[in-house]
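What follows is a single structure, written as C-alpha cells, with notes after it.
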Amino acid sequence: MIQEIKEETKTAKDQVIYMDNHATTPLDPRVLEEMIPTFNKVFGNAASRNHAYGWEAEVLVDKARDRIASLIGCTPKEIVFTSGATESDNLAIKGVAEMYHEKGNHIITCVTEHKAVLDPCKRLESQGFEVTWLEVGPDGLIDLGGLEAAMKDSTILVSLMFANNEIGVIQPMAEISKLCKDRGILFHTDAAQAVGKVPIDVNELGIDLMSISGHKLYGPKGIGALYVRRRKPRVRLTSQMDGGGHERGMRSGTLNVSGIVGLGKACEICQQEMEDETKRLTGLRNRLKDRIFSSLDDVYVNGNEEHRLPGSLNISFSFVEGESLLMGIDDVAVSSGSACTSASLEPSYVLRALGVGDELAHSSIRFGLGRFNTEEEVDHVADKLVGVVERLREMSPLYEMALEGIDISKVEWAHH
Amino acid sequence: MAYSEKIIQHYDNPQNVGSLDKSDPNVGTGVVGAPECGDVMKLQVKVNPESGVIEDAKFKTFGCGSAIASSSLATMMLKGKTVDEAMAIKNMELVEELSLPPIKIHCSVLAEDAIKSAVADYKKKNEKVTEQEPAAAAV
C-alpha cells in the first residue's frame, strides 16, 4: 500500500527523501480521491438552503464534521471550520480576550509556543492585556507549579500547545486543564501537530478550545478547524471575521467544501490507523536514533523522550554546523534548528528555551517521520548522516579543540 | 537556498583541510568567529622566513557551506603570496569567485579576518623571536 502511494505521489523531487512532516505532510491519495467530486461535481454553497446543490454540499460538510468530531471525542456542532491552525489560534485567543475582557485581562502562555500563538498574545499585550510567558524545563515541559503560581483572579485564558512543532514534546494536557477548571479559566491548546497522531478526547483531557490543521495530518492546506466547547462550560467567542454568520456566527465566510471534505477524510484515516501507525513510527524513530547514536559520540536528543510524538526526533550534533550538515544530506528534506539561512543568524527560540547552547542549537536537525517513510529510507538517512558528520568533524576546529581537551564553552571568542 | 556550483565544489572537495604546528615560529594561526554565531574559522599560514612567501596554508572551519568554501578558497589564494600580498586580499574577491549570495557575505568577511589574523600572528611571533634571542642566548 505504502509503495503504491509513494509511486502516485512522486514528483520532480522524488529523489529527495521527505522527512519534514512537522512542516507539512503530503496529501494522502485516499483524501484526494474523496475531494475530487467537490471540484468537478459538487459545487454548491453549503449555506444554500433552498435547493439540491446546497443540500448536497451540506451533506458532505456534515459528514466531515462527524469524522472530525469522532477523532477528538466532541460533538459535530463544536467544530468551527477555519483556514488553518494559525487562524484557529487567532480566533481562540483574540476571540476569548475580546469576549471575556470584562472578566479579566490576564492570559498565560509559554515561550515555546508556535508563532501563531505568540504573536496574537503579543498583540493583545500591546492592547493592554497582561500576558505571562511561562518558561520550560530542559526537557521542554512546562512546570505545573509555575503555571499554578501564575494563575490569578484576572486570568481568563491559558493557551499551551499539545505537542511542540520542533521537538515533538507533549505537554500534560489533563493536568493543565485541571488547574484551569478549578479556577474557571478557559484552556486553549494548539494541537496542530498532535491531532491524528496521538489519541485525543477533549472531554477526558478537559480542553475548551483546540486548534486543528488539515495539512499536518495528510489533508489539504488552507483548511483547519477550531474545537469550541459547548457544554461545561459553554465557551463564547467574539468573531474575528464578520459576514454571513457562518459557523454559528464565529467564523463567517462561505465554507471551503473541498478542504472540509479533505480534512474529514484525513481525520477518518488517522483514527482508523492510529494504533498501528504509532507503533510503526515509534519503531522507525527509534531505529533512526539507534543507528545514529551507535556510530557517533557527542550527539544529543532535544526534548523529553517519553512524552513525545511518535515521529519526532530532534538531535544536536556537537562540533558541526546545521546548515553544512543539511548540505551534506542533500537528498533528504529535513529542517535545521539553525536559522542561518534566514539571515538572522539566530538559532531556534525553542531550543534556546530548553537551555540548549547556541552552538548546539546551530548543530541541530529536526526529523519528522510520517506515514510514507520506510525503514529503507531511515537506514539510508542515518548512514549518510553519520558519514557527513564524521567528514565535517574532521574539518571542524571545534572538534579538534575538544580532542585536545579544550573546553569550548570557556574559550573567549572574537565576536562579530 | 540554492548554492552556486563553486560553493558545492569546495564543500564536496575542500582544499587544504588540516592543521599546521602552532608552535612552529614560521606558522601563523588565526581563529575567528564564535560557535554561538554558527561560524568558527581556523586558518594557518606557513611562511618562508627568507623570502616572506607563504609556502603552505591550512584551514578548519565550523560553519555553513559558504563558510567552508570561503576558507577553502582563501587557503588556495594564499599559497605563493607574500605576507604583504596576503594582507591585501579583500573579501569581495571571494564573493565574486564563489558567487556568494548577499546573506552569505559575512562568510567572506570572516575569511578575510582569518587571513589577517593568521598573518598578524606570524608577524607577532617573529617580532618576539628577534627580541627574545639575546635573552635566550644569555641563559
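As shown in the C-alpha cells, the chain order sets the letters A, B, ...; within each chain, residues go from 1, and ligands are also counted from 1 in the order they appear.
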Worksheet item: Residues of segment 103-274 of chain A in strand (DSSP E or B) according to DSSP, as a count of residues only?
Response: 37
Item to complete: Tell me, as a ChimeraX atom specification, which residues lie within 12 Å of Arg231 of chain A, counting only C-alpha atoms; anything in the same chain fewer than 3 positions away does not count.
Response: /A:74-75,77-78,202-203,206-209,228,234-236
Write out the residues from the selection above, keeping N, CA and C atoms, as an mmCIF file, in the first residue's frame.
```cif
data_model
loop_
_atom_site.group_PDB
_atom_site.id
_atom_site.type_symbol
_atom_site.label_atom_id
_atom_site.label_comp_id
_atom_site.auth_asym_id
_atom_site.auth_seq_id
_atom_site.Cartn_x
_atom_site.Cartn_y
_atom_site.Cartn_z
ATOM 1 N N CYS A 74 -15.696 14.934 20.384
ATOM 2 C CA CYS A 74 -16.624 16.041 20.675
ATOM 3 C C CYS A 74 -17.890 15.851 19.854
ATOM 4 N N THR A 75 -18.803 16.812 19.926
ATOM 5 C CA THR A 75 -19.996 16.752 19.080
ATOM 6 C C THR A 75 -19.722 17.569 17.813
ATOM 7 N N LYS A 77 -21.297 19.840 16.365
ATOM 8 C CA LYS A 77 -21.601 21.280 16.474
ATOM 9 C C LYS A 77 -20.463 22.072 17.122
ATOM 10 N N GLU A 78 -19.528 21.365 17.719
ATOM 11 C CA GLU A 78 -18.421 22.059 18.387
ATOM 12 C C GLU A 78 -17.244 22.337 17.456
ATOM 13 N N VAL A 202 -11.292 15.356 23.931
ATOM 14 C CA VAL A 202 -11.331 16.695 24.536
ATOM 15 C C VAL A 202 -12.045 16.705 25.887
ATOM 16 N N ASN A 203 -12.955 15.754 26.091
ATOM 17 C CA ASN A 203 -13.653 15.715 27.390
ATOM 18 C C ASN A 203 -12.769 15.102 28.466
ATOM 19 N N GLY A 206 -10.177 17.629 29.187
ATOM 20 C CA GLY A 206 -10.668 18.909 29.691
ATOM 21 C C GLY A 206 -10.265 20.118 28.858
ATOM 22 N N ILE A 207 -10.210 19.927 27.543
ATOM 23 C CA ILE A 207 -9.815 21.029 26.652
ATOM 24 C C ILE A 207 -11.062 21.832 26.261
ATOM 25 N N ASP A 208 -10.953 23.165 26.295
ATOM 26 C CA ASP A 208 -12.090 24.021 25.954
ATOM 27 C C ASP A 208 -12.041 24.508 24.512
ATOM 28 N N LEU A 209 -10.825 24.737 24.024
ATOM 29 C CA LEU A 209 -10.641 25.212 22.651
ATOM 30 C C LEU A 209 -9.412 24.504 22.076
ATOM 31 N N VAL A 228 -14.632 24.240 19.725
ATOM 32 C CA VAL A 228 -15.128 25.198 20.726
ATOM 33 C C VAL A 228 -16.145 24.480 21.610
ATOM 34 N N ARG A 234 -19.941 26.479 28.439
ATOM 35 C CA ARG A 234 -20.223 26.891 27.066
ATOM 36 C C ARG A 234 -19.273 28.046 26.751
ATOM 37 N N VAL A 235 -18.346 27.803 25.828
ATOM 38 C CA VAL A 235 -17.342 28.831 25.510
ATOM 39 C C VAL A 235 -17.915 29.785 24.470
ATOM 40 N N ARG A 236 -17.767 31.050 24.725
ATOM 41 C CA ARG A 236 -18.226 32.045 23.752
ATOM 42 C C ARG A 236 -17.017 32.782 23.184
#
```
Worksheet entry | Distance query Gly264 of chain A at most 12 Å, only C-alpha atoms, self and fewer than 6 positions along chain excluded, as number ranges by chain | A: 30-32, 34-35, 60-72, 76, 79, 81, 196, 212-215, 217-220, 223-225, 257-258, 270-271
Requested write-out: N, CA and C atoms of the selected residues, as a CSV table (one decimal), in the first residue's frame:
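Once written, out.csv looks like this:
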```csv
chain,number,residue,atom,x,y,z
A,30,ARG,N,-5.9,8.8,-0.7
A,30,ARG,CA,-7.3,8.5,-0.4
A,30,ARG,C,-8.1,9.7,-0.1
A,31,VAL,N,-7.4,10.7,0.5
A,31,VAL,CA,-8.0,12.0,0.8
A,31,VAL,C,-8.3,12.7,-0.5
A,32,LEU,N,-7.4,12.7,-1.4
A,32,LEU,CA,-7.5,13.4,-2.7
A,32,LEU,C,-8.7,12.8,-3.5
A,34,GLU,N,-11.4,11.5,-2.4
A,34,GLU,CA,-12.7,11.9,-1.9
A,34,GLU,C,-12.9,13.4,-2.1
A,35,MET,N,-11.9,14.1,-2.4
A,35,MET,CA,-12.0,15.6,-2.6
A,35,MET,C,-12.5,15.9,-4.1
A,60,LEU,N,-22.0,16.7,2.5
A,60,LEU,CA,-20.5,16.4,2.6
A,60,LEU,C,-19.9,17.1,3.8
A,61,VAL,N,-20.3,18.4,4.0
A,61,VAL,CA,-19.7,19.1,5.2
A,61,VAL,C,-20.1,18.4,6.5
A,62,ASP,N,-21.4,18.0,6.6
A,62,ASP,CA,-21.8,17.3,7.8
A,62,ASP,C,-21.1,16.0,8.1
A,63,LYS,N,-20.8,15.3,7.0
A,63,LYS,CA,-20.1,14.0,7.1
A,63,LYS,C,-18.7,14.3,7.6
A,64,ALA,N,-18.0,15.3,7.1
A,64,ALA,CA,-16.7,15.7,7.5
A,64,ALA,C,-16.7,16.1,9.0
A,65,ARG,N,-17.7,16.9,9.3
A,65,ARG,CA,-17.8,17.4,10.7
A,65,ARG,C,-17.9,16.2,11.7
A,66,ASP,N,-18.7,15.2,11.3
A,66,ASP,CA,-18.9,14.0,12.1
A,66,ASP,C,-17.5,13.3,12.3
A,67,ARG,N,-16.8,13.2,11.2
A,67,ARG,CA,-15.5,12.4,11.2
A,67,ARG,C,-14.5,13.1,12.1
A,68,ILE,N,-14.5,14.5,12.1
A,68,ILE,CA,-13.5,15.2,12.9
A,68,ILE,C,-13.9,15.1,14.4
A,69,ALA,N,-15.2,15.2,14.6
A,69,ALA,CA,-15.7,15.1,16.0
A,69,ALA,C,-15.4,13.8,16.5
A,70,SER,N,-15.5,12.7,15.7
A,70,SER,CA,-15.3,11.4,16.2
A,70,SER,C,-13.8,11.2,16.6
A,71,LEU,N,-12.9,11.8,15.8
A,71,LEU,CA,-11.5,11.7,16.1
A,71,LEU,C,-11.1,12.3,17.5
A,72,ILE,N,-11.8,13.4,17.8
A,72,ILE,CA,-11.4,14.1,19.0
A,72,ILE,C,-12.4,14.0,20.2
A,76,PRO,N,-20.4,17.2,16.7
A,76,PRO,CA,-20.1,17.9,15.4
A,76,PRO,C,-20.4,19.4,15.5
A,79,ILE,N,-17.4,22.0,16.2
A,79,ILE,CA,-16.3,22.2,15.2
A,79,ILE,C,-16.6,23.5,14.4
A,81,PHE,N,-15.0,25.6,11.3
A,81,PHE,CA,-14.0,25.5,10.2
A,81,PHE,C,-13.3,26.8,10.0
A,196,GLY,N,-4.6,13.5,15.3
A,196,GLY,CA,-4.4,12.5,14.3
A,196,GLY,C,-3.2,11.7,14.5
A,212,ILE,N,-6.9,22.9,15.1
A,212,ILE,CA,-6.6,21.7,14.2
A,212,ILE,C,-6.2,22.2,12.8
A,213,SER,N,-5.2,21.5,12.3
A,213,SER,CA,-4.7,21.9,10.9
A,213,SER,C,-4.9,20.7,10.0
A,214,GLY,N,-5.3,21.0,8.7
A,214,GLY,CA,-5.6,20.0,7.8
A,214,GLY,C,-4.3,19.4,7.2
A,215,HIS,N,-3.3,20.2,6.9
A,215,HIS,CA,-2.1,19.7,6.2
A,215,HIS,C,-1.1,19.1,7.0
A,217,LEU,N,-2.0,16.5,8.9
A,217,LEU,CA,-2.4,15.1,9.1
A,217,LEU,C,-2.8,14.5,7.8
A,218,TYR,N,-2.0,14.9,6.7
A,218,TYR,CA,-2.2,14.3,5.4
A,218,TYR,C,-3.4,14.7,4.7
A,219,GLY,N,-3.9,15.9,5.1
A,219,GLY,CA,-5.1,16.5,4.5
A,219,GLY,C,-4.6,17.7,3.7
A,220,PRO,N,-5.5,18.5,3.1
A,220,PRO,CA,-5.0,19.6,2.3
A,220,PRO,C,-4.6,20.9,3.1
A,223,ILE,N,-7.1,24.6,5.1
A,223,ILE,CA,-8.3,24.2,5.9
A,223,ILE,C,-7.8,23.8,7.3
A,224,GLY,N,-8.6,24.2,8.2
A,224,GLY,CA,-8.3,23.9,9.6
A,224,GLY,C,-9.7,24.0,10.4
A,225,ALA,N,-9.6,23.8,11.7
A,225,ALA,CA,-10.8,23.9,12.5
A,225,ALA,C,-10.4,24.3,13.9
A,257,VAL,N,-15.7,23.8,0.9
A,257,VAL,CA,-16.2,22.4,0.9
A,257,VAL,C,-15.1,21.4,0.6
A,258,SER,N,-14.3,21.7,-0.4
A,258,SER,CA,-13.2,20.8,-0.8
A,258,SER,C,-12.3,20.5,0.4
A,270,CYS,N,-6.7,8.8,9.9
A,270,CYS,CA,-5.9,8.9,11.1
A,270,CYS,C,-6.5,8.1,12.3
A,271,GLN,N,-7.8,8.2,12.4
A,271,GLN,CA,-8.4,7.5,13.5
A,271,GLN,C,-8.3,6.0,13.3
```
I need the contact residues of chain B against chain A, so if you could list those with any atom within 9 Å, counting only C-alpha atoms, and return them as a PDB file with N, CA and C atoms, in the first residue's frame, that would help.
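After the write, out.pdb holds the following:
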```
ATOM      1  N   MET B   1      17.827  27.162   0.113  1.00  0.00           N
ATOM      2  CA  MET B   1      18.643  28.081  -0.677  1.00  0.00           C
ATOM      3  C   MET B   1      19.531  27.302  -1.632  1.00  0.00           C
ATOM      4  N   ILE B   8      29.515  24.392  -3.992  1.00  0.00           N
ATOM      5  CA  ILE B   8      29.314  22.943  -3.854  1.00  0.00           C
ATOM      6  C   ILE B   8      30.625  22.194  -4.105  1.00  0.00           C
ATOM      7  N   TYR B  11      32.724  22.558  -1.087  1.00  0.00           N
ATOM      8  CA  TYR B  11      32.139  21.805   0.027  1.00  0.00           C
ATOM      9  C   TYR B  11      32.408  20.305  -0.150  1.00  0.00           C
ATOM     10  N   ASP B  12      32.213  19.814  -1.371  1.00  0.00           N
ATOM     11  CA  ASP B  12      32.412  18.380  -1.630  1.00  0.00           C
ATOM     12  C   ASP B  12      33.883  17.997  -1.604  1.00  0.00           C
ATOM     13  N   VAL B  17      42.433  21.231   3.893  1.00  0.00           N
ATOM     14  CA  VAL B  17      41.888  21.000   5.225  1.00  0.00           C
ATOM     15  C   VAL B  17      43.001  20.431   6.098  1.00  0.00           C
ATOM     16  N   GLY B  18      43.122  20.926   7.296  1.00  0.00           N
ATOM     17  CA  GLY B  18      44.105  20.345   8.206  1.00  0.00           C
ATOM     18  C   GLY B  18      44.687  21.376   9.142  1.00  0.00           C
ATOM     19  N   VAL B  31      42.240  32.366  14.511  1.00  0.00           N
ATOM     20  CA  VAL B  31      40.932  31.746  14.785  1.00  0.00           C
ATOM     21  C   VAL B  31      39.927  32.879  14.942  1.00  0.00           C
ATOM     22  N   VAL B  32      38.911  32.880  14.093  1.00  0.00           N
ATOM     23  CA  VAL B  32      37.917  33.965  14.151  1.00  0.00           C
ATOM     24  C   VAL B  32      36.508  33.382  14.198  1.00  0.00           C
ATOM     25  N   GLY B  33      35.561  34.200  14.629  1.00  0.00           N
ATOM     26  CA  GLY B  33      34.173  33.760  14.737  1.00  0.00           C
ATOM     27  C   GLY B  33      33.884  33.195  16.109  1.00  0.00           C
ATOM     28  N   ALA B  34      32.679  32.692  16.285  1.00  0.00           N
ATOM     29  CA  ALA B  34      32.267  32.129  17.575  1.00  0.00           C
ATOM     30  C   ALA B  34      31.226  31.047  17.325  1.00  0.00           C
ATOM     31  N   PRO B  35      31.300  29.970  18.102  1.00  0.00           N
ATOM     32  CA  PRO B  35      30.362  28.858  17.858  1.00  0.00           C
ATOM     33  C   PRO B  35      28.899  29.274  17.965  1.00  0.00           C
ATOM     34  N   GLU B  36      28.587  30.174  18.904  1.00  0.00           N
ATOM     35  CA  GLU B  36      27.182  30.548  19.059  1.00  0.00           C
ATOM     36  C   GLU B  36      26.661  31.386  17.893  1.00  0.00           C
ATOM     37  N   CYS B  37      27.601  31.917  17.078  1.00  0.00           N
ATOM     38  CA  CYS B  37      27.171  32.627  15.876  1.00  0.00           C
ATOM     39  C   CYS B  37      27.091  31.670  14.681  1.00  0.00           C
ATOM     40  N   GLY B  38      27.538  30.435  14.901  1.00  0.00           N
ATOM     41  CA  GLY B  38      27.427  29.451  13.829  1.00  0.00           C
ATOM     42  C   GLY B  38      28.608  29.401  12.883  1.00  0.00           C
ATOM     43  N   ASP B  39      29.672  30.156  13.187  1.00  0.00           N
ATOM     44  CA  ASP B  39      30.862  30.164  12.323  1.00  0.00           C
ATOM     45  C   ASP B  39      32.124  30.256  13.152  1.00  0.00           C
ATOM     46  N   VAL B  40      33.045  29.328  12.978  1.00  0.00           N
ATOM     47  CA  VAL B  40      34.397  29.473  13.523  1.00  0.00           C
ATOM     48  C   VAL B  40      35.375  29.038  12.440  1.00  0.00           C
ATOM     49  N   MET B  41      36.317  29.908  12.117  1.00  0.00           N
ATOM     50  CA  MET B  41      37.331  29.554  11.127  1.00  0.00           C
ATOM     51  C   MET B  41      38.700  29.576  11.779  1.00  0.00           C
ATOM     52  N   LYS B  42      39.454  28.499  11.527  1.00  0.00           N
ATOM     53  CA  LYS B  42      40.857  28.494  11.927  1.00  0.00           C
ATOM     54  C   LYS B  42      41.665  28.445  10.634  1.00  0.00           C
ATOM     55  N   PHE B  59      43.249  25.056   6.694  1.00  0.00           N
ATOM     56  CA  PHE B  59      42.100  25.592   7.439  1.00  0.00           C
ATOM     57  C   PHE B  59      41.292  24.475   8.071  1.00  0.00           C
ATOM     58  N   LYS B  60      40.564  24.877   9.101  1.00  0.00           N
ATOM     59  CA  LYS B  60      39.475  24.051   9.628  1.00  0.00           C
ATOM     60  C   LYS B  60      38.330  25.007   9.908  1.00  0.00           C
ATOM     61  N   THR B  61      37.130  24.651   9.476  1.00  0.00           N
ATOM     62  CA  THR B  61      36.000  25.557   9.638  1.00  0.00           C
ATOM     63  C   THR B  61      34.770  24.844  10.163  1.00  0.00           C
ATOM     64  N   PHE B  62      34.153  25.462  11.167  1.00  0.00           N
ATOM     65  CA  PHE B  62      32.821  25.085  11.646  1.00  0.00           C
ATOM     66  C   PHE B  62      31.906  26.157  11.096  1.00  0.00           C
ATOM     67  N   GLY B  63      31.026  25.771  10.192  1.00  0.00           N
ATOM     68  CA  GLY B  63      30.150  26.780   9.614  1.00  0.00           C
ATOM     69  C   GLY B  63      29.393  26.224   8.436  1.00  0.00           C
ATOM     70  N   CYS B  64      28.632  27.093   7.796  1.00  0.00           N
ATOM     71  CA  CYS B  64      27.807  26.644   6.685  1.00  0.00           C
ATOM     72  C   CYS B  64      28.671  26.360   5.459  1.00  0.00           C
ATOM     73  N   GLY B  65      28.069  25.869   4.405  1.00  0.00           N
ATOM     74  CA  GLY B  65      28.785  25.528   3.189  1.00  0.00           C
ATOM     75  C   GLY B  65      29.543  26.716   2.618  1.00  0.00           C
ATOM     76  N   SER B  66      28.964  27.898   2.721  1.00  0.00           N
ATOM     77  CA  SER B  66      29.624  29.094   2.190  1.00  0.00           C
ATOM     78  C   SER B  66      30.864  29.446   3.007  1.00  0.00           C
ATOM     79  N   ALA B  67      30.795  29.188   4.306  1.00  0.00           N
ATOM     80  CA  ALA B  67      31.951  29.459   5.173  1.00  0.00           C
ATOM     81  C   ALA B  67      33.076  28.470   4.848  1.00  0.00           C
ATOM     82  N   ILE B  68      32.711  27.222   4.640  1.00  0.00           N
ATOM     83  CA  ILE B  68      33.710  26.213   4.285  1.00  0.00           C
ATOM     84  C   ILE B  68      34.342  26.568   2.931  1.00  0.00           C
ATOM     85  N   ILE B 103      23.254  37.245   1.704  1.00  0.00           N
ATOM     86  CA  ILE B 103      23.186  36.855   3.123  1.00  0.00           C
ATOM     87  C   ILE B 103      24.398  36.030   3.558  1.00  0.00           C
ATOM     88  N   LYS B 104      25.263  35.671   2.592  1.00  0.00           N
ATOM     89  CA  LYS B 104      26.450  34.884   2.946  1.00  0.00           C
ATOM     90  C   LYS B 104      27.731  35.702   2.851  1.00  0.00           C
ATOM     91  N   LEU B 110      34.547  36.944   7.216  1.00  0.00           N
ATOM     92  CA  LEU B 110      35.191  36.127   8.240  1.00  0.00           C
ATOM     93  C   LEU B 110      36.499  35.536   7.690  1.00  0.00           C
TER      94      LEU B 110
END
```
Item to complete: Tell me which of B:Ala118, B:Val53, B:Ala111, B:Val27 sits closest to Lys81 of chain B, counting only C-alpha atoms.
Response: B:Val53
Discussion item. Please report the interatomic distance between atom CA of Ile17 of chain A and atom CA of Arg366 of chain A in Å with one decimal.
Written reply: 13.9 Å
Hey, what's within 12 Å of Gly387 of chain A if we count only C-alpha atoms and toss same-chain stuff fewer than 3 positions away? As a PDB file with C-alpha atoms, in the first residue's frame, please?
```pdb
ATOM      1  CA  ARG A 291      21.642   3.896  14.172  1.00  0.00           C
ATOM      2  CA  ILE A 292      22.976   7.425  14.651  1.00  0.00           C
ATOM      3  CA  SER A 295      28.027   5.375  15.361  1.00  0.00           C
ATOM      4  CA  LEU A 296      28.595   8.884  16.739  1.00  0.00           C
ATOM      5  CA  LEU A 325      25.133  19.225   7.689  1.00  0.00           C
ATOM      6  CA  GLY A 328      25.787  17.083   3.034  1.00  0.00           C
ATOM      7  CA  ILE A 329      22.496  15.222   3.148  1.00  0.00           C
ATOM      8  CA  HIS A 380      19.803   5.451   4.185  1.00  0.00           C
ATOM      9  CA  VAL A 381      19.375   8.747   6.033  1.00  0.00           C
ATOM     10  CA  ALA A 382      21.116   7.505   9.185  1.00  0.00           C
ATOM     11  CA  ASP A 383      24.117   6.101   7.310  1.00  0.00           C
ATOM     12  CA  LYS A 384      24.510   9.124   5.108  1.00  0.00           C
ATOM     13  CA  GLU A 390      32.354  12.403  10.516  1.00  0.00           C
ATOM     14  CA  ARG A 391      33.636  14.291   7.481  1.00  0.00           C
ATOM     15  CA  LEU A 392      32.585  17.691   8.865  1.00  0.00           C
ATOM     16  CA  ARG A 393      34.112  16.934  12.237  1.00  0.00           C
ATOM     17  CA  GLU A 394      37.429  16.239  10.541  1.00  0.00           C
TER      18      GLU A 394
END
```
So that each row is one residue of segment 160-227 of chain A with an atom at most 9 Å from segment 310-315 of chain A, can you give its shortest atom pair and the distance in Å to one decimal, using only C-alpha atoms, rows by chain and rising number, as CSV?
```
residue,atom,partner,partner_atom,distance
A:Asn165,CA,A:Ser312,CA,8.9
A:Glu166,CA,A:Asn314,CA,7.2
A:Ile167,CA,A:Asn314,CA,5.6
A:Gly168,CA,A:Ser312,CA,5.4
A:Val169,CA,A:Ser312,CA,8.5
A:Lys197,CA,A:Pro310,CA,7.5
A:Val198,CA,A:Pro310,CA,8.1
```
Worksheet item: Which of chain B counts as helix (DSSP H, G or I) under DSSP, as a count of residues only please?
Response: 75
Worksheet entry | Minimum-distance residue to Ala57 of chain B, chosen among B:Leu20, B:Ala2, B:Ala120, B:Ala86 (using only C-alpha atoms) |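 The shortest atom-to-atom distance to Ala57 of chain B comes from B:Leu20.
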Item to complete: Would you kindly return, as a PyMOL selection string, each protein, DNA or RNA residue with an atom no farther than 12 Å from any atom of Leu309 of chain A, considering only C-alpha atoms and excluding same-chain residues fewer than 4 positions away?
Response: chain A and resi 21-22+162-171+191-199+277-279+281-282+285+303-305+313-314+367-370
Let me see the file: selected residues, N, CA and C atoms, as a compact mmCIF listing (two decimals), in the first residue's frame.
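Saved file result_9.txt follows:
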```txt
# COMPACT_ATOMS: atom_id res chain seq x y z
N ASN A 21 7.95 16.12 8.17
CA ASN A 21 6.49 16.03 8.34
C ASN A 21 5.92 16.93 9.43
N HIS A 22 6.79 17.66 10.16
CA HIS A 22 6.26 18.68 11.08
C HIS A 22 5.88 19.93 10.30
N PHE A 162 -0.32 21.43 22.49
CA PHE A 162 -0.41 20.00 22.79
C PHE A 162 0.97 19.38 22.55
N ALA A 163 1.47 19.47 21.32
CA ALA A 163 2.79 18.91 21.00
C ALA A 163 3.60 19.97 20.25
N ASN A 164 4.85 20.09 20.62
CA ASN A 164 5.69 21.13 20.03
C ASN A 164 6.12 20.78 18.61
N ASN A 165 6.15 21.79 17.76
CA ASN A 165 6.46 21.57 16.35
C ASN A 165 7.94 21.33 16.08
N GLU A 166 8.81 21.71 17.00
CA GLU A 166 10.24 21.49 16.75
C GLU A 166 10.78 20.26 17.45
N ILE A 167 10.30 19.99 18.65
CA ILE A 167 10.86 18.87 19.40
C ILE A 167 9.83 17.78 19.69
N GLY A 168 8.57 18.02 19.36
CA GLY A 168 7.54 16.99 19.48
C GLY A 168 7.08 16.71 20.90
N VAL A 169 7.58 17.49 21.86
CA VAL A 169 7.26 17.22 23.27
C VAL A 169 5.78 17.52 23.56
N ILE A 170 5.15 16.58 24.25
CA ILE A 170 3.72 16.68 24.55
C ILE A 170 3.53 17.19 25.98
N GLN A 171 2.81 18.30 26.10
CA GLN A 171 2.56 18.90 27.42
C GLN A 171 1.47 18.11 28.15
N ALA A 191 -3.17 22.26 18.78
CA ALA A 191 -2.90 20.82 18.63
C ALA A 191 -2.60 20.46 17.18
N ALA A 192 -2.07 21.44 16.44
CA ALA A 192 -1.80 21.21 15.01
C ALA A 192 -0.92 19.98 14.79
N GLN A 193 0.07 19.78 15.66
CA GLN A 193 0.98 18.66 15.48
C GLN A 193 0.44 17.35 16.06
N ALA A 194 -0.53 17.45 16.95
CA ALA A 194 -0.93 16.27 17.72
C ALA A 194 -2.18 15.58 17.19
N VAL A 195 -3.12 16.35 16.65
CA VAL A 195 -4.38 15.75 16.20
C VAL A 195 -4.10 14.72 15.11
N GLY A 196 -4.64 13.54 15.28
CA GLY A 196 -4.43 12.48 14.30
C GLY A 196 -3.18 11.67 14.55
N LYS A 197 -2.32 12.14 15.45
CA LYS A 197 -1.05 11.45 15.73
C LYS A 197 -1.12 10.71 17.07
N VAL A 198 -1.79 11.33 18.03
CA VAL A 198 -1.93 10.70 19.35
C VAL A 198 -3.42 10.74 19.73
N PRO A 199 -3.86 9.80 20.57
CA PRO A 199 -5.28 9.79 20.95
C PRO A 199 -5.65 11.08 21.68
N GLU A 277 -0.10 2.80 13.23
CA GLU A 277 0.83 3.80 12.73
C GLU A 277 1.74 4.30 13.86
N THR A 278 1.20 4.42 15.05
CA THR A 278 2.00 4.86 16.19
C THR A 278 3.13 3.86 16.45
N LYS A 279 2.78 2.58 16.41
CA LYS A 279 3.80 1.55 16.63
C LYS A 279 4.86 1.61 15.54
N LEU A 281 5.69 4.12 13.48
CA LEU A 281 6.51 5.34 13.51
C LEU A 281 7.47 5.35 14.69
N THR A 282 7.00 4.88 15.84
CA THR A 282 7.88 4.82 17.00
C THR A 282 9.06 3.90 16.70
N ARG A 285 11.40 5.73 14.30
CA ARG A 285 12.08 6.81 15.01
C ARG A 285 13.21 6.24 15.88
N GLY A 303 14.73 17.63 23.99
CA GLY A 303 13.36 17.47 24.48
C GLY A 303 13.11 16.12 25.12
N ASN A 304 12.05 16.09 25.90
CA ASN A 304 11.67 14.87 26.62
C ASN A 304 11.45 13.70 25.65
N GLU A 305 12.02 12.55 25.98
CA GLU A 305 11.90 11.42 25.06
C GLU A 305 10.70 10.54 25.33
N LEU A 313 11.99 13.48 16.10
CA LEU A 313 13.34 13.29 16.62
C LEU A 313 14.15 14.54 16.30
N ASN A 314 14.57 15.24 17.35
CA ASN A 314 15.38 16.45 17.16
C ASN A 314 16.73 16.20 17.82
N PHE A 367 14.02 15.79 12.62
CA PHE A 367 13.49 14.76 11.75
C PHE A 367 12.01 14.61 12.05
N GLY A 368 11.20 14.62 11.03
CA GLY A 368 9.77 14.40 11.20
C GLY A 368 9.35 13.24 10.33
N LEU A 369 9.26 12.07 10.96
CA LEU A 369 8.87 10.87 10.21
C LEU A 369 7.36 10.83 10.06
N GLY A 370 6.92 10.32 8.92
CA GLY A 370 5.50 10.30 8.67
C GLY A 370 5.03 9.04 7.98
```
Worksheet item: With only C-alpha atoms as the basis for distance, which of A:Tyr100, A:Val299, A:Gly84, A:Lys115 is at the shortest distance from Met210 of chain A?
Response: A:Gly84
Item to complete: Compile the contact shell of Gly28 of chain B as a VMD selection string: residues with an atom at most 9 Å away, counting only C-alpha atoms, same-chain residues fewer than 3 positions apart removed.
Response: chain B and resid 20 22 24 to 25 43 to 47 117 to 125
Worksheet item: Between atom CA of Val80 of chain A and atom CA of His246 of chain A, what is the spacing in Å?
Response: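 Going from atom CA of His246 of chain A over to atom CA of Val80 of chain A, I get 9.1 Å.
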Discussion item. Report, in Å to a single decimal, how far apart atom CA of Ala74 of chain B and atom CA of Asn126 of chain B are.
Written reply: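 Atom-to-atom, atom CA of Asn126 of chain B and atom CA of Ala74 of chain B are spaced 22.8 Å apart.
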